[in-house]
Amino acid sequence: MSERPLNDDNPDNEADHESGEPGDSDRFEEIVDAETTRDPDLAVIEAGSRTLRAQAGPPEGDGVPARPTDPEVDRALREVEAELAGRWGETKLDPSLVRIAGLMDILGHPERAYPAIHITGTNGKTSTARMIEALLRSFDLRTGRYTSPHVQSVTERISLDGAPIDAERFIETYRDIQPYVQMTDEREDYRLSFFEVLTAMAFAAFADAPVDVAVVEVGMGGTWDATNVVDGTVAVVTPIALDHTDRLGATPGEIAKEKAGIIKQDATVVLAQQPVDAAQVLLKRSVEVDATVAREGMEFGVTAREVAVGGQLLTLRGLGGDYPDVFLPLYGAHQAHNAAVALAAVEAFFGIGSQHARTLDMDTVRRAFASVTSPGRLEVVRRSPTVVLDAAHNPAGAQAAAEAITEAFGFSRLIGVVAASADKDVRGLLEAFEPVFAEVVVTRNSTQRSMDADELAALAVEVFGAERVQVEPRLDDALEAAITLAEEEGEYAGAGVLVTGSVITVGEARLLLRRG
């Protein structure tokens, strides 16, 4: 692959809005009841976005299913969710693939039934996975996509042909593999974890479909992640930043050592722009396993980015040539870079850059990108005033969100609603948002990992000053308080609200605002 330095321009974006109405206080109690068994966000979700599609017609759905309407199906799903929640939580990391490998063996290795594109990194994984899926589907391939965490329903994590599997299929898949899960539990020192069982369910569902290709997002890290039993013909590494430092390492380079484990012998590696120490580790691993490397800014990248209603208009340089006039209905420079990575990954999957020197069909690529959604990434759920949800929950993601919302929205005043996990770099997150929040309402979500509202308020006062901080222990009250502040008239006409800090916070706010 040739080395071609690229330039990236960063003009402003414009925004479209969707509407919704706030829920009442009783709705908060329903959320707490529904979420008490749910594991909190694990994979770091980048600041992202979702808006109206401009070139692909009406959206088919945003991939966030509601609870089943059939009471019996809902009861059965709750039973499965309770059984999964009784297992070792996904926030715990055991450096071993023994259990998941044993289960795959008993199941007849469903993970080998299809090629896979394997994705790791710190920020951008889920949005990139969704873009890769859209591109593959546009070329008439059956796809399976496995991502985490979920915004509202655990069934979101396993998708076939671009849509989450329905509750009935989720239940059926769980019951099908349950006897083999129990056999594995009995053989090993520790039972399979929540994430390991879900991973096995995804691989089994993909084999049963069957799919032509699986798009698999790592849960955390890489080497010891349960998804690493797949042999990805293409390995994708999105930007690496500091997160889960107690488990993965204190520097990007140390974290990259764990994430480099998904790079397999003779694979093609698609690398987003990385910190220097992380890039060195990833390139060293690639050389060790004779992998072919494609680097953003060298072999592929973003060459132009222009304003467009509801998103941005891109020119992408792929492994086989340039792709002009690509509309992406997502906000922010980071999503443009995700698009470049996704395109290169799909080109690599089709052998472009190694076996073929050509581009993919231009119109097909354009239609695919125009159809992309990414729930909970700068997602507009209400207007008058505008309320935006973003799942950023580390400083790098918060910085990307702050830049994107400034670029894409013309808010005269922005009110933040923040609820974050106590084990995150919450101060760093608040500092990233400080320049863009006029005021911040701090609260908590329903999970045990959520930082206490008063503790969060103490940090917020240090960052923002007491006059810019309001405390509301309940999320529904926090949303109401922020909307009230945004509705103030006079010089503050055109104010907005950004709800952020955690995937869980975004999911619960989505329910409260009746979006789901």
# chains A, B, ... in the order shown; residues from 1 in each chain; ligands from 1
>>> residues_around(residues="segment 230-241 of chain A", least_positions_apart="2", cutoff="9 Å", atoms="only C-alpha atoms", output="VMD selection string")
chain A and resid 111 to 112 115 to 125 128 216 226 to 228 243 251 to 253 255 to 256 259 to 260 262 to 275 278 282 338 341 to 342 345 to 346 348 to 349 394 to 396
>>> select_by_dssp(residues="segment 365-435 of chain A", states="strand (DSSP E)", output="PyMOL selection string")
chain A and resi 379-382+386-389+414-418
>>> closest_residue(among="A:Asp390, A:Glu472, A:Glu72, A:Asp94", to="Glu455 of chain A", atoms="only C-alpha atoms")
A:Glu472
>>> closest_residue(among="A:Ala214, A:Ser450, A:Gly501, A:Glu467", to="Val417 of chain A", atoms="only C-alpha atoms")
A:Gly501
>>> atom_distance(atom1="atom CA of Pro65 of chain A", atom2="atom CA of Val154 of chain A")
9.2 Å
>>> residues_around(residues="Ala209 of chain A", least_positions_apart="2", cutoff="10 Å", atoms="only C-alpha atoms", output="list in words")
Arg142, Thr143, Gly144, Leu160, Asp161, Ala204, Ala205, Phe206, Ala207, Val211 and Asp212 of chain A
>>> closest_residue(among="A:Glu403, A:Glu379, A:Asp189, A:Glu79", to="Phe170 of chain A", atoms="only C-alpha atoms")
A:Glu79
>>> closest_residue(among="A:Arg510, A:Arg175, A:Arg67, A:Arg377", to="Ser127 of chain A", atoms="only C-alpha atoms")
A:Arg377
>>> residues_around(residues="segment 460-464 of chain A", least_positions_apart="6", cutoff="7 Å", atoms="only C-alpha atoms", output="list in words")
Leu430, Glu431 and Glu434 of chain A
>>> atom_distance(atom1="atom CA of Arg367 of chain A", atom2="atom CA of Arg145 of chain A")
19.3 Å
>>> closest_residue(among="A:His334, A:Arg187, A:Arg130, A:His109", to="Ser159 of chain A", atoms="only C-alpha atoms")
A:Arg130
>>> select_by_dssp(residues="segment 160-378 of chain A", states="helix (DSSP H, G or I)", output="MDAnalysis selection string")
chainID A and resid 167:187 194:208 226:229 245:248 252:262 276:288 333:349 362:370
